[in-house]
$ cat my_file.csv   # CSV, C-alpha atoms (C1' of nucleotides)
chain,number,residue,atom,x,y,z
A,1,MET,CA,-14.7,-102.8,-19.3
A,2,GLY,CA,-13.6,-106.3,-18.1
A,3,TYR,CA,-16.3,-108.5,-19.4
A,4,THR,CA,-16.6,-110.2,-22.8
A,5,LYS,CA,-19.0,-108.5,-25.2
A,6,ILE,CA,-21.2,-111.5,-26.0
A,7,LEU,CA,-23.6,-109.6,-28.2
A,8,ALA,CA,-20.9,-108.7,-30.6
A,9,HIS,CA,-20.7,-112.3,-31.8
A,10,THR,CA,-22.9,-115.1,-33.0
A,11,ILE,CA,-24.3,-117.9,-30.7
A,12,GLU,CA,-22.0,-120.4,-32.4
A,13,GLN,CA,-19.0,-118.3,-31.8
A,14,ASN,CA,-19.9,-117.8,-28.1
A,15,GLU,CA,-20.6,-121.5,-27.7
A,16,LEU,CA,-17.4,-122.6,-29.4
A,17,SER,CA,-15.3,-120.2,-27.4
A,18,ALA,CA,-16.9,-121.4,-24.2
A,19,ILE,CA,-15.8,-124.9,-24.9
A,20,PHE,CA,-12.3,-123.7,-25.7
A,21,LYS,CA,-12.3,-121.8,-22.4
A,22,ALA,CA,-13.2,-124.9,-20.4
A,23,LEU,CA,-10.1,-126.5,-21.9
A,24,ALA,CA,-7.9,-123.4,-21.5
A,25,HIS,CA,-6.2,-124.4,-18.3
A,26,PRO,CA,-3.5,-127.0,-17.9
A,27,ALA,CA,-5.2,-128.4,-14.7
A,28,ARG,CA,-8.4,-129.1,-16.6
A,29,VAL,CA,-6.5,-130.7,-19.4
A,30,ALA,CA,-4.7,-132.8,-16.8
A,31,ILE,CA,-7.9,-133.7,-15.0
A,32,LEU,CA,-9.5,-134.9,-18.2
A,33,GLN,CA,-6.5,-137.0,-19.0
A,34,HIS,CA,-6.5,-138.4,-15.5
A,35,ILE,CA,-10.2,-139.3,-15.6
A,36,SER,CA,-9.7,-140.9,-19.0
A,37,GLU,CA,-6.9,-143.1,-17.6
A,38,GLN,CA,-8.8,-143.9,-14.4
A,39,PRO,CA,-12.5,-143.9,-15.1
A,40,ASN,CA,-14.8,-143.5,-12.0
A,41,CYS,CA,-11.9,-141.9,-10.1
A,42,ILE,CA,-12.6,-139.6,-7.2
A,43,CYS,CA,-11.5,-136.1,-6.4
A,44,ASN,CA,-8.8,-137.2,-4.0
A,45,ASP,CA,-7.2,-139.4,-6.7
A,46,ILE,CA,-6.8,-136.3,-8.8
A,47,VAL,CA,-5.5,-134.3,-5.8
A,48,ASN,CA,-2.8,-136.9,-5.3
A,49,ASP,CA,-1.8,-136.7,-8.9
A,50,ILE,CA,-1.8,-132.9,-9.4
A,51,ASP,CA,0.0,-130.4,-7.2
A,52,LEU,CA,-3.0,-128.3,-6.4
A,53,ALA,CA,-5.2,-128.0,-3.3
A,54,GLN,CA,-8.4,-130.1,-3.0
A,55,ALA,CA,-10.5,-126.9,-3.2
A,56,THR,CA,-8.8,-125.9,-6.4
A,57,ILE,CA,-9.3,-129.4,-8.0
A,58,SER,CA,-12.9,-129.4,-7.0
A,59,GLN,CA,-13.5,-126.0,-8.6
A,60,HIS,CA,-11.9,-127.2,-11.9
A,61,LEU,CA,-14.1,-130.3,-11.7
A,62,THR,CA,-17.1,-128.1,-11.3
A,63,GLU,CA,-16.2,-126.1,-14.5
A,64,LEU,CA,-15.7,-129.3,-16.5
A,65,LYS,CA,-19.1,-130.5,-15.3
A,66,LYS,CA,-20.7,-127.2,-16.2
A,67,VAL,CA,-19.8,-127.6,-19.8
A,68,GLY,CA,-20.8,-131.2,-19.7
A,69,LEU,CA,-17.4,-132.8,-20.5
A,70,ILE,CA,-17.5,-134.9,-17.4
A,71,SER,CA,-20.2,-136.2,-15.1
A,72,GLY,CA,-20.2,-137.4,-11.5
A,73,HIS,CA,-22.2,-139.9,-9.6
A,74,GLN,CA,-22.3,-140.5,-5.9
A,75,GLU,CA,-21.1,-143.8,-4.6
A,76,GLY,CA,-21.2,-143.9,-0.8
A,77,LYS,CA,-19.3,-140.9,0.4
A,78,LYS,CA,-17.3,-140.8,-2.8
A,79,MET,CA,-18.2,-138.8,-5.9
A,80,CYS,CA,-17.0,-140.8,-9.0
A,81,TYR,CA,-16.1,-138.9,-12.1
A,82,ARG,CA,-16.2,-140.1,-15.7
A,83,ILE,CA,-15.8,-138.6,-19.1
A,84,ASN,CA,-19.2,-137.7,-20.8
A,85,VAL,CA,-18.5,-139.6,-24.0
A,86,ASP,CA,-21.5,-138.2,-25.9
A,87,LYS,CA,-20.5,-134.6,-25.1
A,88,LEU,CA,-16.9,-135.2,-25.9
A,89,TYR,CA,-17.9,-136.6,-29.3
A,90,GLU,CA,-20.1,-133.6,-29.9
A,91,VAL,CA,-17.3,-131.2,-28.9
A,92,LYS,CA,-14.8,-133.0,-31.0
A,93,HIS,CA,-17.1,-132.7,-34.0
A,94,LEU,CA,-17.7,-129.0,-33.4
A,95,ILE,CA,-14.0,-128.2,-33.1
A,96,SER,CA,-13.2,-130.3,-36.1
A,97,THR,CA,-15.8,-128.5,-38.2
A,98,PHE,CA,-14.4,-125.2,-37.1
A,99,PHE,CA,-10.9,-126.1,-38.1
A,100,ASN,CA,-11.9,-127.5,-41.4
A,101,LYS,CA,-13.8,-124.3,-42.3
A,102,VAL,CA,-11.0,-122.1,-41.2
A,103,GLN,CA,-8.6,-124.5,-42.9
B,1,MET,CA,-3.1,-116.4,-5.8
B,2,GLY,CA,-4.3,-115.3,-9.2
B,3,TYR,CA,-1.8,-116.9,-11.6
B,4,THR,CA,-1.8,-120.4,-13.1
B,5,LYS,CA,0.6,-122.9,-11.4
B,6,ILE,CA,2.4,-123.9,-14.6
B,7,LEU,CA,4.9,-126.1,-12.7
B,8,ALA,CA,2.1,-128.4,-11.5
B,9,HIS,CA,1.6,-129.6,-15.1
B,10,THR,CA,3.6,-131.1,-18.0
B,11,ILE,CA,4.9,-129.0,-20.9
B,12,GLU,CA,2.4,-130.7,-23.2
B,13,GLN,CA,-0.5,-129.8,-20.9
B,14,ASN,CA,0.7,-126.2,-20.7
B,15,GLU,CA,1.2,-125.9,-24.4
B,16,LEU,CA,-2.2,-127.5,-25.3
B,17,SER,CA,-4.1,-125.3,-22.8
B,18,ALA,CA,-2.3,-122.2,-24.2
B,19,ILE,CA,-3.7,-123.0,-27.7
B,20,PHE,CA,-7.1,-123.5,-26.2
B,21,LYS,CA,-6.8,-120.2,-24.4
B,22,ALA,CA,-6.0,-118.4,-27.7
B,23,LEU,CA,-9.3,-119.7,-29.0
B,24,ALA,CA,-11.2,-119.1,-25.8
B,25,HIS,CA,-12.8,-115.8,-26.9
B,26,PRO,CA,-15.6,-115.3,-29.3
B,27,ALA,CA,-13.9,-112.3,-31.0
B,28,ARG,CA,-10.8,-114.4,-31.7
B,29,VAL,CA,-13.0,-117.2,-33.1
B,30,ALA,CA,-14.8,-114.6,-35.3
B,31,ILE,CA,-11.5,-113.0,-36.4
B,32,LEU,CA,-10.1,-116.4,-37.5
B,33,GLN,CA,-13.3,-117.0,-39.5
B,34,HIS,CA,-13.2,-113.6,-41.0
B,35,ILE,CA,-9.6,-113.9,-42.1
B,36,SER,CA,-10.4,-117.3,-43.5
B,37,GLU,CA,-13.2,-115.9,-45.6
B,38,GLN,CA,-11.2,-112.8,-46.6
B,39,PRO,CA,-7.6,-113.8,-46.9
B,40,ASN,CA,-5.1,-110.9,-46.7
B,41,CYS,CA,-7.7,-108.7,-45.1
B,42,ILE,CA,-6.7,-105.7,-42.9
B,43,CYS,CA,-7.5,-104.7,-39.4
B,44,ASN,CA,-10.2,-102.2,-40.4
B,45,ASP,CA,-12.0,-104.9,-42.4
B,46,ILE,CA,-12.4,-106.9,-39.2
B,47,VAL,CA,-13.3,-103.7,-37.2
B,48,ASN,CA,-16.2,-103.1,-39.7
B,49,ASP,CA,-17.4,-106.7,-39.3
B,50,ILE,CA,-17.2,-107.0,-35.5
B,51,ASP,CA,-18.7,-104.5,-33.0
B,52,LEU,CA,-15.5,-103.9,-31.1
B,53,ALA,CA,-13.2,-100.9,-31.1
B,54,GLN,CA,-10.1,-100.9,-33.3
B,55,ALA,CA,-7.8,-101.1,-30.3
B,56,THR,CA,-9.6,-104.2,-29.1
B,57,ILE,CA,-9.4,-105.9,-32.5
B,58,SER,CA,-5.8,-105.1,-32.8
B,59,GLN,CA,-5.1,-106.7,-29.4
B,60,HIS,CA,-6.9,-109.9,-30.3
B,61,LEU,CA,-4.9,-110.0,-33.6
B,62,THR,CA,-1.7,-109.7,-31.5
B,63,GLU,CA,-2.7,-112.7,-29.4
B,64,LEU,CA,-3.5,-114.8,-32.4
B,65,LYS,CA,-0.2,-113.8,-33.9
B,66,LYS,CA,1.6,-114.7,-30.6
B,67,VAL,CA,0.4,-118.3,-30.8
B,68,GLY,CA,1.2,-118.4,-34.5
B,69,LEU,CA,-2.3,-119.1,-35.8
B,70,ILE,CA,-2.1,-116.0,-38.1
B,71,SER,CA,0.6,-113.9,-39.6
B,72,GLY,CA,0.7,-110.4,-40.9
B,73,HIS,CA,2.7,-108.7,-43.7
B,74,GLN,CA,3.0,-105.0,-44.4
B,75,GLU,CA,1.7,-103.8,-47.7
B,76,GLY,CA,2.0,-100.0,-47.9
B,77,LYS,CA,0.3,-98.6,-44.9
B,78,LYS,CA,-1.8,-101.7,-44.5
B,79,MET,CA,-1.1,-104.8,-42.5
B,80,CYS,CA,-2.5,-107.8,-44.3
B,81,TYR,CA,-3.4,-110.8,-42.2
B,82,ARG,CA,-3.7,-114.4,-43.2
B,83,ILE,CA,-4.1,-117.8,-41.6
B,84,ASN,CA,-0.9,-119.6,-40.9
B,85,VAL,CA,-1.9,-122.9,-42.5
B,86,ASP,CA,1.1,-124.9,-41.2
B,87,LYS,CA,0.5,-123.9,-37.6
B,88,LEU,CA,-3.2,-124.5,-38.0
B,89,TYR,CA,-2.5,-128.0,-39.2
B,90,GLU,CA,-0.2,-128.6,-36.3
B,91,VAL,CA,-2.8,-127.4,-33.8
B,92,LYS,CA,-5.5,-129.4,-35.4
B,93,HIS,CA,-3.3,-132.5,-35.1
B,94,LEU,CA,-2.5,-131.7,-31.4
B,95,ILE,CA,-6.1,-131.2,-30.5
B,96,SER,CA,-7.3,-134.2,-32.4
B,97,THR,CA,-4.7,-136.4,-30.7
B,98,PHE,CA,-5.8,-135.1,-27.3
B,99,PHE,CA,-9.4,-135.9,-28.0
B,100,ASN,CA,-8.6,-139.3,-29.3
B,101,LYS,CA,-6.6,-140.2,-26.2
B,102,VAL,CA,-9.2,-138.8,-23.8
B,103,GLN,CA,-12.0,-140.4,-26.0
C,1,DA,C1',-24.8,-139.9,18.6
C,2,DT,C1',-19.9,-139.4,17.3
C,3,DC,C1',-16.2,-140.0,14.4
C,4,DT,C1',-14.1,-140.3,9.9
C,5,DA,C1',-13.7,-139.7,5.0
C,6,DT,C1',-14.8,-137.2,1.1
C,7,DT,C1',-16.2,-133.3,-1.5
C,8,DA,C1',-18.3,-128.7,-2.1
C,9,DT,C1',-18.5,-124.0,-0.8
C,10,DT,C1',-17.2,-119.5,1.1
C,11,DG,C1',-14.2,-115.7,1.6
C,12,DC,C1',-10.3,-113.6,0.4
C,13,DA,C1',-6.0,-111.9,-2.0
C,14,DT,C1',-3.7,-111.7,-6.2
C,15,DA,C1',-3.3,-111.8,-11.0
C,16,DA,C1',-4.9,-111.9,-15.7
C,17,DT,C1',-8.4,-110.6,-19.2
C,18,DT,C1',-11.3,-107.4,-21.6
C,19,DG,C1',-12.5,-103.2,-23.7
C,20,DC,C1',-11.8,-98.5,-25.0
C,21,DG,C1',-10.2,-93.6,-25.6
C,22,DA,C1',-6.2,-91.3,-26.5
C,23,DT,C1',-2.0,-91.3,-28.5
C,24,DA,C1',2.1,-92.8,-30.9
C,25,DA,C1',4.1,-94.9,-35.0
C,26,DT,C1',4.3,-95.8,-39.8
C,27,DA,C1',3.9,-95.2,-44.6
C,28,DA,C1',2.0,-93.3,-48.5
C,29,DA,C1',-0.2,-89.1,-50.9
C,30,DG,C1',-0.7,-84.4,-51.9
D,1,DC,C1',6.5,-80.8,-45.1
D,2,DT,C1',1.8,-81.6,-44.0
D,3,DT,C1',-2.0,-84.4,-44.3
D,4,DT,C1',-4.3,-88.8,-44.4
D,5,DA,C1',-4.9,-93.7,-43.6
D,6,DT,C1',-3.9,-97.5,-41.0
D,7,DT,C1',-2.4,-100.0,-37.1
D,8,DA,C1',-0.1,-100.6,-32.6
D,9,DT,C1',0.6,-99.3,-27.9
D,10,DC,C1',-0.4,-97.0,-23.4
D,11,DG,C1',-3.1,-96.1,-19.5
D,12,DC,C1',-7.0,-97.0,-17.2
D,13,DA,C1',-11.3,-99.2,-15.1
D,14,DA,C1',-14.1,-103.1,-14.6
D,15,DT,C1',-14.6,-107.9,-14.6
D,16,DT,C1',-13.2,-112.5,-14.4
D,17,DA,C1',-10.0,-116.3,-13.2
D,18,DT,C1',-6.9,-118.7,-10.1
D,19,DG,C1',-5.5,-120.7,-5.8
D,20,DC,C1',-5.9,-121.8,-1.0
D,21,DA,C1',-7.3,-122.1,4.0
D,22,DA,C1',-11.1,-122.7,6.5
D,23,DT,C1',-15.5,-124.4,6.9
D,24,DA,C1',-19.8,-126.6,5.7
D,25,DA,C1',-22.1,-130.6,3.9
D,26,DT,C1',-22.8,-135.4,3.2
D,27,DA,C1',-22.7,-140.3,3.9
D,28,DG,C1',-21.0,-144.2,5.9
D,29,DA,C1',-18.6,-146.5,10.0
D,30,DT,C1',-18.1,-147.3,15.0

$ encode --input "my_file.csv" --output "structure tokens"
Amino acid sequence: MGYTKILAHTIEQNELSAIFKALAHPARVAILQHISEQPNCICNDIVNDIDLAQATISQHLTELKKVGLISGHQEGKKMCYRINVDKLYEVKHLISTFFNKVQ
Amino acid sequence: MGYTKILAHTIEQNELSAIFKALAHPARVAILQHISEQPNCICNDIVNDIDLAQATISQHLTELKKVGLISGHQEGKKMCYRINVDKLYEVKHLISTFFNKVQ
DNA sequence: ATCTATTATTGCATAATTGCGATAATAAAG
DNA sequence: CTTTATTATCGCAATTATGCAATAATAGAT
């Protein structure tokens, strides 16, 4: 095979695991922490902070944007990134509910 | 490349992302929920619940055991699985701290 | 119009993940 | 000892993830 059998699970299980997957890489954890500490930072700020190529950081940023945990807005030739607080709150609640049920 | 550049990140970032990775599959989410609802269940119980082959379920169980979220103890020819409550509490705290800092 | 800064995308190689059939391993039952 | 039940492991194929160099795309500056 090679692909995840999505149909073997519920929508909730697939959605929750998709969130976990977005956080399942140290670079993405580090990027979230960086953006949190330097709101409206740009890609190069993160590149200077983490020992990964610009292309790689950009790809991780794209993944975090895809799940909605961060958002970017253009400012001149810079793309400024910030935490999507609403989404983060939602995710926090989802995960917290999961852990409380599994207890 | 193909492998994660662990040395580009802190131990904490690597450990946290490893936990997320263990949860980054719908089958593993489903398995945790199943074990939670049926404590001391066996592998075949889960196989009857989730549309995946026995070998696949066994592999996911092994991964969950590896990060310590579940534990198994032999009972005759059956291996009974249960949630590792202490580890779950620790993980819950780690994740909660992460989200509160990133806020 | 050209240059510069910044970021995204493409193409590629390598590695990890996912899933399953087949088989091995283990323990109890007959 | 043989059979049965249960689970783990191996070997394989397919898919996805990771990382980077090179390049394209974009917007402002000169």

$ atom_distance --input "my_file.csv" --atom1 "C1' of DA29 (chain D)" --atom2 "CA of Gln38 (chain A)"
26.4 Å

$ interface_residues --input "my_file.csv" --of "chain B" --to "chain A" --cutoff "10 Å" --atoms "all atoms listed in the file" --output "VMD selection string"
chain B and resid 4 to 30 32 to 37 49 to 52 83 to 86 88 to 89 91 to 92 95 to 96 98 to 103

$ interface_residues --input "my_file.csv" --of "chain B" --to "chain C" --cutoff "6 Å" --atoms "all atoms listed in the file" --output "list of chain:residue names"
B:Met1, B:Gly2, B:Tyr3, B:Lys77

$ atom_distance --input "my_file.csv" --atom1 "CA of Lys65 (chain B)" --atom2 "C1' of DT16 (chain D)"
23.5 Å

$ atom_distance --input "my_file.csv" --atom1 "CA of Asn40 (chain A)" --atom2 "CA of Glu90 (chain A)"
21.1 Å

$ closest_atom_pairs --input "my_file.csv" --of "chain D" --to "chain A" --cutoff "9 Å" --atoms "all atoms listed in the file" --output "tab-separated table"
residue	atom	partner	partner_atom	distance
D:DA13	C1'	A:Met1	CA	6.5
D:DA14	C1'	A:Met1	CA	4.7
D:DT15	C1'	A:Gly2	CA	4.0
D:DT16	C1'	A:Tyr3	CA	7.1
D:DT18	C1'	A:Thr56	CA	8.3
D:DG19	C1'	A:Thr56	CA	6.2
D:DC20	C1'	A:Ala53	CA	6.6
D:DT26	C1'	A:Lys77	CA	7.1
D:DA27	C1'	A:Lys77	CA	4.9
D:DG28	C1'	A:Lys77	CA	6.6

$ decode --input "my_file.csv" --residues "region 41-55 of chain B" --atoms "all heavy atoms" --output "PDB file, in the first residue's frame"
ATOM      1  N   CYS B  41      -8.498  -4.753  26.442  1.00  0.00           N
ATOM      2  CA  CYS B  41      -8.908  -5.440  25.224  1.00  0.00           C
ATOM      3  C   CYS B  41      -7.688  -6.063  24.549  1.00  0.00           C
ATOM      4  O   CYS B  41      -6.538  -5.758  24.897  1.00  0.00           O
ATOM      5  CB  CYS B  41      -9.594  -4.472  24.271  1.00  0.00           C
ATOM      6  SG  CYS B  41      -8.513  -3.187  23.641  1.00  0.00           S
ATOM      7  N   ILE B  42      -7.971  -6.958  23.603  1.00  0.00           N
ATOM      8  CA  ILE B  42      -6.882  -7.620  22.891  1.00  0.00           C
ATOM      9  C   ILE B  42      -6.840  -7.132  21.443  1.00  0.00           C
ATOM     10  O   ILE B  42      -7.782  -6.486  20.965  1.00  0.00           O
ATOM     11  CB  ILE B  42      -7.029  -9.153  22.938  1.00  0.00           C
ATOM     12  CG1 ILE B  42      -8.310  -9.591  22.202  1.00  0.00           C
ATOM     13  CG2 ILE B  42      -7.035  -9.652  24.366  1.00  0.00           C
ATOM     14  CD1 ILE B  42      -8.457 -11.091  22.083  1.00  0.00           C
ATOM     15  N   CYS B  43      -5.762  -7.474  20.775  1.00  0.00           N
ATOM     16  CA  CYS B  43      -5.527  -7.042  19.404  1.00  0.00           C
ATOM     17  C   CYS B  43      -6.713  -7.369  18.498  1.00  0.00           C
ATOM     18  O   CYS B  43      -7.178  -6.508  17.726  1.00  0.00           O
ATOM     19  CB  CYS B  43      -4.263  -7.700  18.875  1.00  0.00           C
ATOM     20  SG  CYS B  43      -3.836  -7.263  17.188  1.00  0.00           S
ATOM     21  N   ASN B  44      -7.254  -8.584  18.617  1.00  0.00           N
ATOM     22  CA  ASN B  44      -8.360  -9.002  17.751  1.00  0.00           C
ATOM     23  C   ASN B  44      -9.630  -8.184  17.976  1.00  0.00           C
ATOM     24  O   ASN B  44     -10.407  -7.984  17.046  1.00  0.00           O
ATOM     25  CB  ASN B  44      -8.656 -10.493  17.950  1.00  0.00           C
ATOM     26  CG  ASN B  44      -7.806 -11.342  17.027  1.00  0.00           C
ATOM     27  OD1 ASN B  44      -7.259 -10.846  16.046  1.00  0.00           O
ATOM     28  ND2 ASN B  44      -7.703 -12.616  17.339  1.00  0.00           N
ATOM     29  N   ASP B  45      -9.843  -7.716  19.193  1.00  0.00           N
ATOM     30  CA  ASP B  45     -10.985  -6.823  19.441  1.00  0.00           C
ATOM     31  C   ASP B  45     -10.876  -5.600  18.544  1.00  0.00           C
ATOM     32  O   ASP B  45     -11.848  -5.157  17.931  1.00  0.00           O
ATOM     33  CB  ASP B  45     -10.992  -6.369  20.908  1.00  0.00           C
ATOM     34  CG  ASP B  45     -11.328  -7.513  21.857  1.00  0.00           C
ATOM     35  OD1 ASP B  45     -12.045  -8.442  21.434  1.00  0.00           O
ATOM     36  OD2 ASP B  45     -10.870  -7.471  23.015  1.00  0.00           O
ATOM     37  N   ILE B  46      -9.678  -5.052  18.484  1.00  0.00           N
ATOM     38  CA  ILE B  46      -9.458  -3.845  17.692  1.00  0.00           C
ATOM     39  C   ILE B  46      -9.553  -4.161  16.208  1.00  0.00           C
ATOM     40  O   ILE B  46     -10.113  -3.393  15.429  1.00  0.00           O
ATOM     41  CB  ILE B  46      -8.088  -3.226  18.044  1.00  0.00           C
ATOM     42  CG1 ILE B  46      -8.026  -2.937  19.551  1.00  0.00           C
ATOM     43  CG2 ILE B  46      -7.852  -1.961  17.249  1.00  0.00           C
ATOM     44  CD1 ILE B  46      -6.665  -2.506  20.039  1.00  0.00           C
ATOM     45  N   VAL B  47      -9.038  -5.331  15.818  1.00  0.00           N
ATOM     46  CA  VAL B  47      -9.111  -5.754  14.412  1.00  0.00           C
ATOM     47  C   VAL B  47     -10.571  -5.867  13.972  1.00  0.00           C
ATOM     48  O   VAL B  47     -10.912  -5.486  12.851  1.00  0.00           O
ATOM     49  CB  VAL B  47      -8.377  -7.099  14.213  1.00  0.00           C
ATOM     50  CG1 VAL B  47      -8.621  -7.641  12.817  1.00  0.00           C
ATOM     51  CG2 VAL B  47      -6.891  -6.928  14.464  1.00  0.00           C
ATOM     52  N   ASN B  48     -11.441  -6.358  14.877  1.00  0.00           N
ATOM     53  CA  ASN B  48     -12.867  -6.471  14.542  1.00  0.00           C
ATOM     54  C   ASN B  48     -13.552  -5.110  14.459  1.00  0.00           C
ATOM     55  O   ASN B  48     -14.633  -4.985  13.893  1.00  0.00           O
ATOM     56  CB  ASN B  48     -13.578  -7.327  15.590  1.00  0.00           C
ATOM     57  CG  ASN B  48     -13.173  -8.784  15.471  1.00  0.00           C
ATOM     58  OD1 ASN B  48     -12.843  -9.255  14.387  1.00  0.00           O
ATOM     59  ND2 ASN B  48     -13.173  -9.489  16.592  1.00  0.00           N
ATOM     60  N   ASP B  49     -12.935  -4.105  15.061  1.00  0.00           N
ATOM     61  CA  ASP B  49     -13.532  -2.769  15.130  1.00  0.00           C
ATOM     62  C   ASP B  49     -13.072  -1.877  13.984  1.00  0.00           C
ATOM     63  O   ASP B  49     -13.810  -1.021  13.504  1.00  0.00           O
ATOM     64  CB  ASP B  49     -13.153  -2.134  16.472  1.00  0.00           C
ATOM     65  CG  ASP B  49     -13.837  -0.810  16.690  1.00  0.00           C
ATOM     66  OD1 ASP B  49     -14.995  -0.654  16.246  1.00  0.00           O
ATOM     67  OD2 ASP B  49     -13.220   0.082  17.306  1.00  0.00           O
ATOM     68  N   ILE B  50     -11.836  -2.064  13.543  1.00  0.00           N
ATOM     69  CA  ILE B  50     -11.245  -1.195  12.530  1.00  0.00           C
ATOM     70  C   ILE B  50     -10.943  -2.021  11.286  1.00  0.00           C
ATOM     71  O   ILE B  50     -10.429  -3.139  11.388  1.00  0.00           O
ATOM     72  CB  ILE B  50      -9.947  -0.546  13.069  1.00  0.00           C
ATOM     73  CG1 ILE B  50     -10.249   0.234  14.360  1.00  0.00           C
ATOM     74  CG2 ILE B  50      -9.336   0.369  12.023  1.00  0.00           C
ATOM     75  CD1 ILE B  50      -9.018   0.839  15.007  1.00  0.00           C
ATOM     76  N   ASP B  51     -11.235  -1.451  10.119  1.00  0.00           N
ATOM     77  CA  ASP B  51     -11.081  -2.189   8.862  1.00  0.00           C
ATOM     78  C   ASP B  51      -9.627  -2.159   8.378  1.00  0.00           C
ATOM     79  O   ASP B  51      -9.300  -1.575   7.351  1.00  0.00           O
ATOM     80  CB  ASP B  51     -12.019  -1.581   7.810  1.00  0.00           C
ATOM     81  CG  ASP B  51     -11.986  -2.374   6.511  1.00  0.00           C
ATOM     82  OD1 ASP B  51     -11.768  -3.598   6.590  1.00  0.00           O
ATOM     83  OD2 ASP B  51     -12.160  -1.770   5.437  1.00  0.00           O
ATOM     84  N   LEU B  52      -8.782  -2.808   9.163  1.00  0.00           N
ATOM     85  CA  LEU B  52      -7.372  -2.941   8.800  1.00  0.00           C
ATOM     86  C   LEU B  52      -6.938  -4.366   9.157  1.00  0.00           C
ATOM     87  O   LEU B  52      -7.520  -4.983  10.053  1.00  0.00           O
ATOM     88  CB  LEU B  52      -6.507  -1.937   9.568  1.00  0.00           C
ATOM     89  CG  LEU B  52      -6.626  -0.461   9.196  1.00  0.00           C
ATOM     90  CD1 LEU B  52      -5.839   0.409  10.158  1.00  0.00           C
ATOM     91  CD2 LEU B  52      -6.162  -0.217   7.763  1.00  0.00           C
ATOM     92  N   ALA B  53      -5.941  -4.866   8.470  1.00  0.00           N
ATOM     93  CA  ALA B  53      -5.472  -6.231   8.719  1.00  0.00           C
ATOM     94  C   ALA B  53      -4.827  -6.354  10.094  1.00  0.00           C
ATOM     95  O   ALA B  53      -4.370  -5.365  10.679  1.00  0.00           O
ATOM     96  CB  ALA B  53      -4.480  -6.635   7.635  1.00  0.00           C
ATOM     97  N   GLN B  54      -4.796  -7.577  10.604  1.00  0.00           N
ATOM     98  CA  GLN B  54      -4.226  -7.815  11.927  1.00  0.00           C
ATOM     99  C   GLN B  54      -2.785  -7.341  12.019  1.00  0.00           C
ATOM    100  O   GLN B  54      -2.379  -6.733  13.012  1.00  0.00           O
ATOM    101  CB  GLN B  54      -4.327  -9.313  12.248  1.00  0.00           C
ATOM    102  CG  GLN B  54      -3.829  -9.696  13.624  1.00  0.00           C
ATOM    103  CD  GLN B  54      -2.349 -10.052  13.615  1.00  0.00           C
ATOM    104  OE1 GLN B  54      -1.867 -10.667  12.660  1.00  0.00           O
ATOM    105  NE2 GLN B  54      -1.642  -9.654  14.654  1.00  0.00           N
ATOM    106  N   ALA B  55      -2.027  -7.581  10.968  1.00  0.00           N
ATOM    107  CA  ALA B  55      -0.618  -7.166  10.981  1.00  0.00           C
ATOM    108  C   ALA B  55      -0.496  -5.658  11.117  1.00  0.00           C
ATOM    109  O   ALA B  55       0.374  -5.151  11.834  1.00  0.00           O
ATOM    110  CB  ALA B  55       0.070  -7.633   9.701  1.00  0.00           C
TER     111      ALA B  55
END
